[in-house]
Structures are given as C-alpha cells and as structure tokens.
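Below is start-v4.cif, which holds mmCIF, C-alpha atoms and all ligand atoms.
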```
data_model
loop_
_atom_site.group_PDB
_atom_site.id
_atom_site.type_symbol
_atom_site.label_atom_id
_atom_site.label_comp_id
_atom_site.auth_asym_id
_atom_site.auth_seq_id
_atom_site.Cartn_x
_atom_site.Cartn_y
_atom_site.Cartn_z
ATOM 1 C CA MET Z 253 -28.113 -1.304 -64.064
ATOM 2 C CA THR Z 254 -25.500 0.585 -62.114
ATOM 3 C CA SER Z 255 -23.612 -1.688 -59.758
ATOM 4 C CA SER Z 256 -23.392 -0.714 -56.111
ATOM 5 C CA THR Z 257 -20.488 1.173 -54.628
ATOM 6 C CA ARG Z 258 -22.296 1.434 -51.337
ATOM 7 C CA LYS Z 259 -21.791 -1.112 -48.584
ATOM 8 C CA PRO Z 260 -24.242 -1.847 -45.797
ATOM 9 C CA SER Z 261 -23.008 -0.241 -42.587
ATOM 10 C CA GLY Z 262 -23.003 -3.217 -40.245
ATOM 11 C CA GLU Z 263 -25.331 -1.204 -37.960
ATOM 12 C CA PRO Z 264 -28.581 -3.138 -37.558
ATOM 13 C CA ILE Z 265 -31.673 -1.026 -38.254
ATOM 14 C CA VAL Z 266 -34.123 -3.955 -38.054
ATOM 15 C CA GLU Z 267 -33.522 -6.605 -35.359
ATOM 16 C CA VAL Z 268 -35.954 -9.499 -35.144
ATOM 17 C CA GLU Z 269 -35.605 -12.221 -32.545
ATOM 18 C CA GLY Z 270 -37.800 -15.301 -32.187
ATOM 19 C CA LEU Z 271 -40.719 -13.775 -34.110
ATOM 20 C CA VAL Z 272 -43.863 -15.893 -34.105
ATOM 21 C CA THR Z 273 -46.890 -14.652 -36.071
ATOM 22 C CA ARG Z 274 -50.206 -16.456 -35.886
ATOM 23 C CA PHE Z 275 -53.732 -15.947 -37.142
ATOM 24 C CA GLY Z 276 -55.944 -18.035 -34.850
ATOM 25 C CA SER Z 277 -54.266 -21.415 -34.704
ATOM 26 C CA THR Z 278 -52.451 -20.919 -38.036
ATOM 27 C CA VAL Z 279 -48.762 -20.226 -37.567
ATOM 28 C CA ILE Z 280 -47.314 -17.996 -40.302
ATOM 29 C CA HIS Z 281 -43.818 -17.377 -38.885
ATOM 30 C CA ASP Z 282 -42.210 -19.813 -36.486
ATOM 31 C CA HIS Z 283 -39.390 -18.139 -34.552
ATOM 32 C CA LEU Z 284 -37.743 -15.930 -37.165
ATOM 33 C CA SER Z 285 -34.509 -14.213 -36.159
ATOM 34 C CA PHE Z 286 -32.615 -11.840 -38.440
ATOM 35 C CA THR Z 287 -31.199 -8.345 -38.804
ATOM 36 C CA VAL Z 288 -31.150 -5.807 -41.627
ATOM 37 C CA ASP Z 289 -28.269 -3.330 -41.676
ATOM 38 C CA ARG Z 290 -28.549 0.393 -42.304
ATOM 39 C CA GLY Z 291 -27.955 1.044 -46.013
ATOM 40 C CA GLU Z 292 -28.749 -2.513 -47.051
ATOM 41 C CA ILE Z 293 -31.198 -3.588 -49.759
ATOM 42 C CA MET Z 294 -32.727 -6.890 -48.715
ATOM 43 C CA GLY Z 295 -34.992 -8.862 -51.026
ATOM 44 C CA VAL Z 296 -37.704 -11.079 -49.516
ATOM 45 C CA VAL Z 297 -38.918 -14.120 -51.434
ATOM 46 C CA GLY Z 298 -41.114 -17.112 -50.698
ATOM 47 C CA GLY Z 299 -44.058 -18.994 -52.122
ATOM 48 C CA SER Z 300 -47.512 -17.489 -52.256
ATOM 49 C CA GLY Z 301 -48.908 -17.289 -48.722
ATOM 50 C CA SER Z 302 -45.509 -17.865 -47.074
ATOM 51 C CA GLY Z 303 -45.905 -14.683 -45.019
ATOM 52 C CA LYS Z 304 -43.855 -12.055 -46.867
ATOM 53 C CA SER Z 305 -46.437 -9.256 -46.681
ATOM 54 C CA VAL Z 306 -47.328 -10.220 -43.118
ATOM 55 C CA MET Z 307 -43.652 -9.854 -42.198
ATOM 56 C CA LEU Z 308 -43.479 -6.317 -43.634
ATOM 57 C CA ARG Z 309 -46.742 -5.350 -41.951
ATOM 58 C CA THR Z 310 -45.483 -6.731 -38.652
ATOM 59 C CA ILE Z 311 -42.301 -4.653 -38.937
ATOM 60 C CA LEU Z 312 -44.432 -1.605 -39.755
ATOM 61 C CA GLY Z 313 -46.429 -2.259 -36.574
ATOM 62 C CA LEU Z 314 -49.740 -3.082 -38.300
ATOM 63 C CA ILE Z 315 -49.741 -6.695 -37.070
ATOM 64 C CA HIS Z 316 -48.821 -7.675 -33.510
ATOM 65 C CA PRO Z 317 -46.491 -10.655 -33.140
ATOM 66 C CA ALA Z 318 -47.659 -13.556 -30.982
ATOM 67 C CA GLU Z 319 -44.117 -13.959 -29.629
ATOM 68 C CA GLY Z 320 -40.679 -12.503 -30.093
ATOM 69 C CA ARG Z 321 -38.961 -9.133 -30.082
ATOM 70 C CA ILE Z 322 -38.551 -6.535 -32.805
ATOM 71 C CA ARG Z 323 -36.185 -3.578 -32.474
ATOM 72 C CA LEU Z 324 -36.459 -0.935 -35.158
ATOM 73 C CA LEU Z 325 -34.129 2.007 -35.543
ATOM 74 C CA GLY Z 326 -32.756 1.173 -32.112
ATOM 75 C CA GLU Z 327 -36.153 1.060 -30.342
ATOM 76 C CA GLU Z 328 -38.120 -1.902 -29.047
ATOM 77 C CA ILE Z 329 -41.469 -1.960 -30.887
ATOM 78 C CA THR Z 330 -43.126 -4.690 -28.907
ATOM 79 C CA GLY Z 331 -45.018 -3.127 -26.038
ATOM 80 C CA SER Z 332 -44.351 0.489 -27.065
ATOM 81 C CA ASP Z 333 -47.144 3.062 -26.702
ATOM 82 C CA ASP Z 334 -49.081 4.863 -29.458
ATOM 83 C CA ALA Z 335 -46.885 7.967 -29.371
ATOM 84 C CA ALA Z 336 -43.716 5.896 -29.767
ATOM 85 C CA ARG Z 337 -45.317 3.883 -32.574
ATOM 86 C CA SER Z 338 -46.350 7.035 -34.409
ATOM 87 C CA ARG Z 339 -42.843 8.552 -34.021
ATOM 88 C CA ARG Z 340 -41.319 5.376 -35.371
ATOM 89 C CA GLN Z 341 -43.724 5.114 -38.301
ATOM 90 C CA ARG Z 342 -42.615 8.585 -39.376
ATOM 91 C CA ARG Z 343 -39.135 7.145 -39.916
ATOM 92 C CA MET Z 344 -40.449 4.362 -42.188
ATOM 93 C CA GLY Z 345 -42.185 4.386 -45.553
ATOM 94 C CA MET Z 346 -44.251 1.561 -47.025
ATOM 95 C CA LEU Z 347 -45.277 0.919 -50.606
ATOM 96 C CA PHE Z 348 -48.218 -1.481 -50.439
ATOM 97 C CA GLN Z 349 -48.739 -4.153 -53.072
ATOM 98 C CA ASP Z 350 -51.660 -2.345 -54.725
ATOM 99 C CA GLY Z 351 -50.168 1.141 -54.294
ATOM 100 C CA ALA Z 352 -52.991 1.952 -51.832
ATOM 101 C CA LEU Z 353 -53.510 5.457 -53.229
ATOM 102 C CA PHE Z 354 -56.783 7.180 -52.344
ATOM 103 C CA SER Z 355 -58.732 7.192 -55.593
ATOM 104 C CA GLN Z 356 -60.643 10.428 -54.874
ATOM 105 C CA LEU Z 357 -57.491 12.428 -54.109
ATOM 106 C CA THR Z 358 -55.008 13.777 -56.632
ATOM 107 C CA ILE Z 359 -51.524 12.301 -56.733
ATOM 108 C CA ALA Z 360 -50.074 15.385 -55.002
ATOM 109 C CA GLU Z 361 -52.764 15.199 -52.288
ATOM 110 C CA ASN Z 362 -51.943 11.524 -51.745
ATOM 111 C CA VAL Z 363 -48.244 12.304 -51.325
ATOM 112 C CA ALA Z 364 -48.912 15.358 -49.147
ATOM 113 C CA MET Z 365 -51.195 13.441 -46.773
ATOM 114 C CA PRO Z 366 -48.484 11.905 -44.518
ATOM 115 C CA LEU Z 367 -46.799 15.315 -44.252
ATOM 116 C CA ILE Z 368 -50.006 16.965 -43.095
ATOM 117 C CA GLU Z 369 -51.182 14.108 -40.871
ATOM 118 C CA HIS Z 370 -47.922 12.968 -39.278
ATOM 119 C CA ALA Z 371 -45.642 16.006 -39.457
ATOM 120 C CA ASN Z 372 -48.147 18.891 -39.062
ATOM 121 C CA VAL Z 373 -46.829 20.514 -42.223
ATOM 122 C CA ARG Z 374 -49.054 23.335 -43.585
ATOM 123 C CA ALA Z 375 -51.061 22.347 -46.655
ATOM 124 C CA ASP Z 376 -49.272 24.685 -49.112
ATOM 125 C CA THR Z 377 -45.807 23.556 -47.938
ATOM 126 C CA ALA Z 378 -46.919 19.910 -48.012
ATOM 127 C CA HIS Z 379 -48.079 20.378 -51.603
ATOM 128 C CA ARG Z 380 -44.718 21.869 -52.607
ATOM 129 C CA LEU Z 381 -42.824 19.035 -50.899
ATOM 130 C CA ALA Z 382 -45.136 16.488 -52.539
ATOM 131 C CA ILE Z 383 -44.262 17.847 -55.980
ATOM 132 C CA GLU Z 384 -40.542 17.552 -55.098
ATOM 133 C CA LYS Z 385 -41.066 13.885 -54.174
ATOM 134 C CA LEU Z 386 -42.920 13.254 -57.431
ATOM 135 C CA VAL Z 387 -39.987 14.665 -59.376
ATOM 136 C CA LEU Z 388 -37.583 12.593 -57.254
ATOM 137 C CA VAL Z 389 -39.310 9.380 -58.387
ATOM 138 C CA GLY Z 390 -39.356 10.424 -62.037
ATOM 139 C CA LEU Z 391 -42.866 11.868 -62.385
ATOM 140 C CA LYS Z 392 -43.607 15.336 -63.731
ATOM 141 C CA PRO Z 393 -44.878 18.173 -61.533
ATOM 142 C CA GLY Z 394 -48.010 18.225 -63.730
ATOM 143 C CA ASP Z 395 -48.785 14.611 -62.742
ATOM 144 C CA GLY Z 396 -49.513 15.897 -59.236
ATOM 145 C CA GLY Z 397 -52.888 17.239 -60.340
ATOM 146 C CA LYS Z 398 -54.042 13.913 -61.788
ATOM 147 C CA LEU Z 399 -56.168 11.249 -60.138
ATOM 148 C CA PRO Z 400 -54.627 7.771 -59.660
ATOM 149 C CA SER Z 401 -56.976 6.402 -62.352
ATOM 150 C CA GLU Z 402 -55.395 8.779 -64.876
ATOM 151 C CA LEU Z 403 -51.900 7.257 -64.440
ATOM 152 C CA SER Z 404 -50.397 4.081 -65.883
ATOM 153 C CA GLY Z 405 -49.597 1.186 -63.536
ATOM 154 C CA GLY Z 406 -45.904 2.105 -63.511
ATOM 155 C CA MET Z 407 -46.682 5.765 -62.763
ATOM 156 C CA ARG Z 408 -48.995 4.701 -59.913
ATOM 157 C CA LYS Z 409 -46.151 2.630 -58.441
ATOM 158 C CA ARG Z 410 -43.892 5.682 -58.618
ATOM 159 C CA ALA Z 411 -46.600 7.811 -56.989
ATOM 160 C CA GLY Z 412 -46.923 5.209 -54.223
ATOM 161 C CA LEU Z 413 -43.164 5.328 -53.769
ATOM 162 C CA ALA Z 414 -43.273 9.156 -53.620
ATOM 163 C CA ARG Z 415 -45.824 8.868 -50.815
ATOM 164 C CA ALA Z 416 -43.667 6.289 -49.011
ATOM 165 C CA LEU Z 417 -40.768 8.779 -49.269
ATOM 166 C CA ALA Z 418 -42.821 11.786 -48.115
ATOM 167 C CA LEU Z 419 -41.392 11.842 -44.597
ATOM 168 C CA ASP Z 420 -37.793 11.119 -45.683
ATOM 169 C CA PRO Z 421 -37.800 7.635 -44.131
ATOM 170 C CA GLU Z 422 -34.689 5.777 -43.035
ATOM 171 C CA LEU Z 423 -36.361 2.439 -43.801
ATOM 172 C CA LEU Z 424 -38.416 1.695 -46.921
ATOM 173 C CA LEU Z 425 -40.666 -1.372 -47.020
ATOM 174 C CA LEU Z 426 -41.736 -2.239 -50.564
ATOM 175 C CA ASP Z 427 -44.300 -4.941 -51.312
ATOM 176 C CA GLU Z 428 -43.862 -6.245 -54.867
ATOM 177 C CA PRO Z 429 -42.851 -2.880 -56.347
ATOM 178 C CA THR Z 430 -42.323 -4.216 -59.873
ATOM 179 C CA ALA Z 431 -45.300 -6.608 -60.052
ATOM 180 C CA GLY Z 432 -47.372 -5.953 -63.142
ATOM 181 C CA LEU Z 433 -44.782 -3.715 -64.796
ATOM 182 C CA ASP Z 434 -43.359 -4.423 -68.237
ATOM 183 C CA PRO Z 435 -39.652 -5.413 -68.150
ATOM 184 C CA ILE Z 436 -38.394 -1.952 -69.153
ATOM 185 C CA SER Z 437 -40.514 -0.171 -66.528
ATOM 186 C CA ALA Z 438 -39.466 -2.773 -63.952
ATOM 187 C CA GLU Z 439 -35.806 -2.162 -64.754
ATOM 188 C CA GLY Z 440 -36.378 1.594 -64.425
ATOM 189 C CA PHE Z 441 -38.009 1.035 -61.036
ATOM 190 C CA ASP Z 442 -35.094 -1.144 -59.878
ATOM 191 C CA GLN Z 443 -32.684 1.602 -60.891
ATOM 192 C CA LEU Z 444 -34.768 4.164 -59.023
ATOM 193 C CA ILE Z 445 -34.618 2.104 -55.806
ATOM 194 C CA LEU Z 446 -30.871 1.698 -56.228
ATOM 195 C CA ASP Z 447 -30.438 5.453 -56.834
ATOM 196 C CA LEU Z 448 -32.490 6.298 -53.725
ATOM 197 C CA ASN Z 449 -30.416 3.856 -51.702
ATOM 198 C CA HIS Z 450 -27.175 5.410 -52.972
ATOM 199 C CA ALA Z 451 -28.256 9.041 -52.778
ATOM 200 C CA LEU Z 452 -30.270 9.034 -49.544
ATOM 201 C CA GLY Z 453 -28.753 6.030 -47.775
ATOM 202 C CA VAL Z 454 -32.242 4.621 -47.250
ATOM 203 C CA THR Z 455 -32.420 0.985 -46.095
ATOM 204 C CA VAL Z 456 -34.795 -1.130 -48.191
ATOM 205 C CA MET Z 457 -36.690 -4.369 -47.581
ATOM 206 C CA LEU Z 458 -38.507 -5.427 -50.681
ATOM 207 C CA VAL Z 459 -40.816 -8.333 -51.276
ATOM 208 C CA THR Z 460 -40.576 -9.515 -54.852
ATOM 209 C CA HIS Z 461 -41.073 -12.479 -57.136
ATOM 210 C CA ASP Z 462 -38.864 -10.761 -59.697
ATOM 211 C CA LEU Z 463 -35.575 -12.630 -60.016
ATOM 212 C CA ASP Z 464 -34.074 -9.855 -62.146
ATOM 213 C CA THR Z 465 -34.661 -7.381 -59.302
ATOM 214 C CA LEU Z 466 -33.011 -9.728 -56.799
ATOM 215 C CA HIS Z 467 -29.937 -10.128 -58.972
ATOM 216 C CA ALA Z 468 -29.721 -6.470 -59.908
ATOM 217 C CA ILE Z 469 -30.137 -4.587 -56.652
ATOM 218 C CA CYS Z 470 -30.265 -6.769 -53.523
ATOM 219 C CA ASP Z 471 -27.300 -7.139 -51.152
ATOM 220 C CA ARG Z 472 -28.897 -10.168 -49.496
ATOM 221 C CA VAL Z 473 -32.043 -12.183 -50.003
ATOM 222 C CA ALA Z 474 -34.332 -13.542 -47.284
ATOM 223 C CA ALA Z 475 -36.379 -16.608 -48.199
ATOM 224 C CA LEU Z 476 -39.436 -17.596 -46.186
ATOM 225 C CA VAL Z 477 -39.737 -21.369 -46.404
ATOM 226 C CA ASP Z 478 -41.480 -23.776 -44.032
ATOM 227 C CA LYS Z 479 -42.399 -20.798 -41.780
ATOM 228 C CA GLN Z 480 -38.667 -20.133 -41.229
ATOM 229 C CA ILE Z 481 -36.269 -17.625 -42.751
ATOM 230 C CA ARG Z 482 -32.998 -18.223 -44.599
ATOM 231 C CA ILE Z 483 -30.876 -15.196 -45.461
ATOM 232 C CA ALA Z 484 -27.780 -15.001 -47.649
ATOM 233 C CA PRO Z 485 -26.359 -13.232 -50.677
ATOM 234 C CA ILE Z 486 -28.242 -14.492 -53.705
ATOM 235 C CA ALA Z 487 -25.431 -16.690 -55.071
ATOM 236 C CA GLU Z 488 -25.224 -18.496 -51.733
ATOM 237 C CA LEU Z 489 -29.003 -18.830 -51.351
ATOM 238 C CA ALA Z 490 -29.196 -20.281 -54.876
ATOM 239 C CA ARG Z 491 -26.981 -23.160 -53.683
ATOM 240 C CA ASP Z 492 -29.268 -23.942 -50.708
ATOM 241 C CA PRO Z 493 -30.542 -27.508 -51.238
ATOM 242 C CA HIS Z 494 -34.063 -26.726 -49.950
ATOM 243 C CA PRO Z 495 -36.435 -27.960 -52.713
ATOM 244 C CA TRP Z 496 -38.351 -24.674 -52.966
ATOM 245 C CA LEU Z 497 -35.122 -22.680 -53.323
ATOM 246 C CA GLN Z 498 -33.763 -25.138 -55.856
ATOM 247 C CA SER Z 499 -36.843 -24.888 -58.041
ATOM 248 C CA TYR Z 500 -37.035 -21.087 -57.592
ATOM 249 C CA PHE Z 501 -33.425 -20.290 -58.475
ATOM 250 C CA GLY Z 502 -32.707 -23.334 -60.638
ATOM 251 C CA GLY Z 503 -35.882 -23.236 -62.767
ATOM 252 C CA PRO Z 504 -35.913 -21.711 -66.269
ATOM 253 C CA ARG Z 505 -36.724 -18.188 -65.014
ATOM 254 C CA GLY Z 506 -34.078 -18.365 -62.308
ATOM 255 C CA ARG Z 507 -31.434 -19.496 -64.782
ATOM 256 C CA ALA Z 508 -32.448 -16.815 -67.285
ATOM 257 C CA ALA Z 509 -32.201 -14.095 -64.626
ATOM 258 C CA LEU Z 510 -28.767 -15.349 -63.631
ATOM 259 C CA ARG Z 511 -27.595 -15.383 -67.264
ATOM 260 C CA ALA Z 512 -28.904 -11.848 -67.753
ATOM 261 C CA THR Z 513 -26.744 -10.570 -64.883
ATOM 262 C CA GLU Z 514 -23.686 -12.235 -66.390
ATOM 263 C CA MET Z 515 -24.228 -10.893 -69.888
ATOM 264 C CA PRO Z 516 -23.111 -7.350 -70.697
ATOM 265 C CA ARG Z 517 -25.900 -5.495 -72.520
ATOM 266 C CA ALA Z 518 -23.699 -4.919 -75.596
ATOM 267 C CA SER Z 519 -23.322 -8.678 -76.077
ATOM 268 C CA ALA Z 520 -27.020 -9.420 -75.783
ATOM 269 C CA GLY Z 521 -26.980 -10.957 -79.247
ATOM 270 C CA THR Z 522 -24.110 -13.355 -78.559
ATOM 271 C CA PRO Z 523 -24.602 -16.963 -77.437
ATOM 272 C CA GLU Z 524 -25.548 -17.241 -73.781
ATOM 273 C CA PRO Z 525 -23.056 -18.738 -71.322
ATOM 274 C CA GLU Z 526 -24.056 -21.710 -69.208
ATOM 275 C CA ALA Z 527 -25.811 -20.745 -66.005
ATOM 276 C CA ARG Z 528 -23.476 -20.887 -63.030
ATOM 277 C CA PRO Z 529 -25.334 -21.102 -59.728
ATOM 278 C CA ASP Z 530 -22.225 -19.901 -57.910
ATOM 279 C CA ALA Z 531 -21.836 -16.738 -59.998
ATOM 280 C CA PRO Z 532 -21.622 -13.571 -57.911
ATOM 281 C CA PRO Z 533 -24.617 -11.233 -57.747
ATOM 282 C CA ALA Z 534 -24.597 -8.109 -59.894
ATOM 283 C CA ARG Z 535 -23.780 -5.705 -57.052
HETATM 284 N N1 LIG Z 601 -55.309 -10.298 -41.448
HETATM 285 C C1 LIG Z 601 -55.203 -11.619 -41.672
HETATM 286 N N2 LIG Z 601 -56.009 -12.492 -41.038
HETATM 287 C C2 LIG Z 601 -55.895 -13.826 -41.234
HETATM 288 N N3 LIG Z 601 -54.991 -14.382 -42.068
HETATM 289 C C3 LIG Z 601 -54.169 -13.556 -42.728
HETATM 290 C C4 LIG Z 601 -54.227 -12.139 -42.578
HETATM 291 N N4 LIG Z 601 -53.273 -11.568 -43.359
HETATM 292 C C5 LIG Z 601 -52.666 -12.598 -43.983
HETATM 293 N N5 LIG Z 601 -53.188 -13.782 -43.609
HETATM 294 C C6 LIG Z 601 -52.737 -15.113 -44.055
HETATM 295 O O1 LIG Z 601 -51.340 -15.199 -43.794
HETATM 296 C C7 LIG Z 601 -50.704 -15.963 -44.821
HETATM 297 C C8 LIG Z 601 -49.535 -15.167 -45.367
HETATM 298 O O2 LIG Z 601 -50.047 -14.048 -46.082
HETATM 299 P P1 LIG Z 601 -49.115 -13.027 -46.850
HETATM 300 O O3 LIG Z 601 -50.018 -11.992 -47.438
HETATM 301 O O4 LIG Z 601 -48.036 -12.573 -45.961
HETATM 302 O O5 LIG Z 601 -48.518 -13.958 -47.987
HETATM 303 P P2 LIG Z 601 -47.413 -13.607 -49.070
HETATM 304 O O6 LIG Z 601 -46.218 -14.453 -48.800
HETATM 305 O O7 LIG Z 601 -47.200 -12.130 -49.110
HETATM 306 O O8 LIG Z 601 -48.140 -14.139 -50.392
HETATM 307 P P3 LIG Z 601 -48.229 -13.557 -51.906
HETATM 308 O O9 LIG Z 601 -46.895 -13.815 -52.541
HETATM 309 O O10 LIG Z 601 -49.310 -14.405 -52.508
HETATM 310 O O11 LIG Z 601 -48.596 -12.101 -51.828
HETATM 311 C C9 LIG Z 601 -51.775 -16.282 -45.863
HETATM 312 O O12 LIG Z 601 -52.211 -17.592 -45.633
HETATM 313 C C10 LIG Z 601 -52.868 -15.290 -45.555
HETATM 314 O O13 LIG Z 601 -54.125 -15.807 -45.888
#
```
In structure tokens, write the structure found in this file.
Amino acid sequence: MTSSTRKPSGEPIVEVEGLVTRFGSTVIHDHLSFTVDRGEIMGVVGGSGSGKSVMLRTILGLIHPAEGRIRLLGEEITGSDDAARSRRQRRMGMLFQDGALFSQLTIAENVAMPLIEHANVRADTAHRLAIEKLVLVGLKPGDGGKLPSELSGGMRKRAGLARALALDPELLLLDEPTAGLDPISAEGFDQLILDLNHALGVTVMLVTHDLDTLHAICDRVAALVDKQIRIAPIAELARDPHPWLQSYFGGPRGRAALRATEMPRASAGTPEPEARPDAPPAR
C-alpha cells in the first residue's frame, strides 16, 4: 500500500453540530459534533446497529435529523429546498453497502444514469463518460455491456464506485466497500480509494469493519459508541479505554492488522513483532 503524501486541508467540508437522529422513540445518534476536512479519508467504525449507515444517509440528505445542524460543502443542509438538495447531491457520491446497481441495466447504463438524470448529459456522451469511469476504477470498457449479475462481487463494488464517481464528486461516502471481498481484492480496493484521493483530491468517509483498511488508508477514524462519536487518528483511538474500542482494536484481529502495518511485505516470513497499540498508522 502506498503511504500518503497528501495532507487534509484543514478546510471543513462536512460540519456536524449536535446531530440527533431518531426513529420513533429510538435514539440512534445523541448530539454528535464533528468535522471532516477536504482531502481527508475518514473511517467510520462501530458495532452492528450503532448507526454508521444512518449517519452516511443523513449526510447524503436521505434521512432528516431530529435535531442539530449539518453544513456540507459550505452550505447548510437542514431546511434547504429541493433544488439546493439536488445541487448538493451532485457534488457527492455514495457507494451503498449492497452496491445498489439496477439489475436490469448494463453496468455502463448504471454509471451513466446519474449523468443523464442529474446533469442533463446526452445519452451518447453519458455512455462515453461512463466507460471512462469504469476504466478509472480498474474495469475494462467491455465490462460496460455486462449486467451486474455477470460480474464478480469485487467487480460489482468497482462498478458501484464508478457510479458514485460519475458526477466527479468532492465527497465520497462509502458503506462497507470491502465487505465480502477476498483479502487481495480488498487491498486492491483500498489502493484504488487512496489513488482517487491522491489524484482527484476527493474527500472520503468510509464505513468499514475492516481493520486493515483503517490502518492502510484512513487519516482519522470515527467510532460510534453509546450513540456518541469519538474521532482520532487510529493509534490514538486504539488507546481509548472504552470497552468496545479496547476489544475492537485490542482483539486478535485488531492486533493482527496492527502487526501487518508494521511489517514490510518483504519480511512477511520473519517472526512477527509484538503488537504496539501506540504504533503510528500506515499513512
Ligand atoms: N429507516 C429506518 N427506520 C427505522 N429504523 C432504522 C431505519 N434505518 C436504520 N434503522 C435502525 O437504526 C439503527 C442503526 O442502523 P444502521 O444501519 O445505521 O447500523 P450500522 O451501524 O450501519 O450497522 P451494520 O454494521 O450492522 O451495518 C439500527 O437499529 C436500525 O435498525
């Protein structure tokens, strides 16, 4: 994995203040406040049902907060009208957990759809741009004519990412992009996200359970615990005494992921060093 030479800008692109999300009487988020800087890659972790996907969907504008303020790309989203919401959504791309590709449409048609629907691009131009996006994410132009069911899981993830990138977003929201991928495909996907971040400057929030991804590509990690959020670089978060964070980062998988970031690939056959929870992240 290439280490980062890029530094987040210090310019907040996502600003959340006092966010409360509720379904009926069930509180999912209880006054979350945080910012994400332009150019940053932020990982989002938390137990199952802790509200990670709901947080991304709320930022995308698909779920309305019960309380709080969200500013995105310098604009207040709470209370904005449909036209403003649509303009803003054009500047964001989302990869949903299941890829959310339309099964009856070809891959190229799936990727072209946001261009036609949100940017009024003519169908033939949209198709050409869709093929460019497919190549950008490592698919072949010929894959554009296939149906989602004809692709492997990893290829479908890449196709979903190509669709999320269709409108050249400034902010990418990725929900478990490497879930279900074998370790080599997952590593390739991590590298792709890092390359897109370096080359296009796109800001990324990614929900993941994959500790290798967190170590390899994330500048900071946000943990949703007890309906609250804790954000820090991974080495710092791994020292947080909260029991969930301790068992997440300090369990066998957490220690293995940490060791993997410390071990140069060429020495993979040499004895493993002791895990050091204060070791710096890979970036
Ligand atoms: N539209 C909805 N209506 C009611 N409850 C919902 C809705 N969407 C999500 N929830 C509830 O909100 C909680 C958080 O869901 P969310 O999908 O954000 O969890 P998550 O942290 O992403 O979990 P996982 O890691 O299992 O994907 C869950 O209890 C879920 O059942």
(request) Excluding Leu325 (chain Z) and any residue of its chain fewer than 2 positions from it, enumerate the residues within 7 Å of it, using only C-alpha atoms, and give them as a PyMOL selection string. (result) chain Z and resi 265-266+323+327
(request) Give me the result of the PyMOL selection byres (((not hetatm)) within 10 of (chain Z and resi 601)) on this file, residue by residue, as a ChimeraX atom specification. (result) /Z:273-276,278-281,296-310,314-315,349,427-428,459-461,476-477,479
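Shortest separation to Arg321 (chain Z) among Z:Gly270, Z:Pro495, Z:Gly432, Z:Gly295 occurs at residue Z:Gly270, atoms counted being only C-alpha atoms.
With CA of Ala378 (chain Z) on one side and CA of Ala364 (chain Z) on the other, the separation reads 5.1 Å.
All protein and nucleic acid residues in the vicinity of (-49.2, 10.6, -37.3), that is within 12 Å when counting all atoms listed in the file, are Z:Asp334, Z:Ala335, Z:Ala336, Z:Arg337, Z:Ser338, Z:Arg339, Z:Arg340, Z:Gln341, Z:Arg342, Z:Arg343, Z:Met344, Z:Met365, Z:Pro366, Z:Leu367, Z:Ile368, Z:Glu369, Z:His370, Z:Ala371, Z:Asn372, Z:Val373, Z:Leu419.
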(message) Residue by residue, what does the PyMOL selection byres (((chain Z and resi 389-404) around 7) and not hetatm) grab here? Present the result as a PyMOL selection string.
(response) chain Z and resi 353+355-360+383+385-388+405-408+410+414+444
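When the distance limit is 10 Å and all atoms listed in the file are what count, the residues near Leu425 (chain Z), minus those fewer than 3 positions from it on the same chain, are Z:Met294, Z:Ser305, Z:Leu308, Z:Arg309, Z:Ile311, Z:Leu312, Z:Met344, Z:Gly345, Z:Met346, Z:Leu347, Z:Phe348, Z:Leu413, Z:Ala416, Z:Pro421, Z:Glu428, Z:Pro429, Z:Thr455, Z:Val456, Z:Met457, Z:Leu458, Z:Val459.
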(message) Report, in Å to a single decimal, how far apart CA of Asn362 (chain Z) and CA of Asp376 (chain Z) are.
(response) 13.7 Å
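One distance worth recording is that between CA of Gln480 (chain Z) and CA of Pro317 (chain Z), which is 14.7 Å.
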(request) Using only C-alpha atoms, find the one residue out of Z:Gly291, Z:Pro435, Z:Thr330, Z:Arg472 that sits nearest to Ala451 (chain Z). (result) Z:Gly291
(message) Within 8 Å of (-28.1, -19.7, -54.5) (file coordinates; all atoms listed in the file), which protein or nucleic acid residues are there? I'd like them as JSON, numbers by chain.
(response) {"Z": [485, 486, 487, 488, 489, 490, 491, 492, 497, 498, 501, 529, 530]}
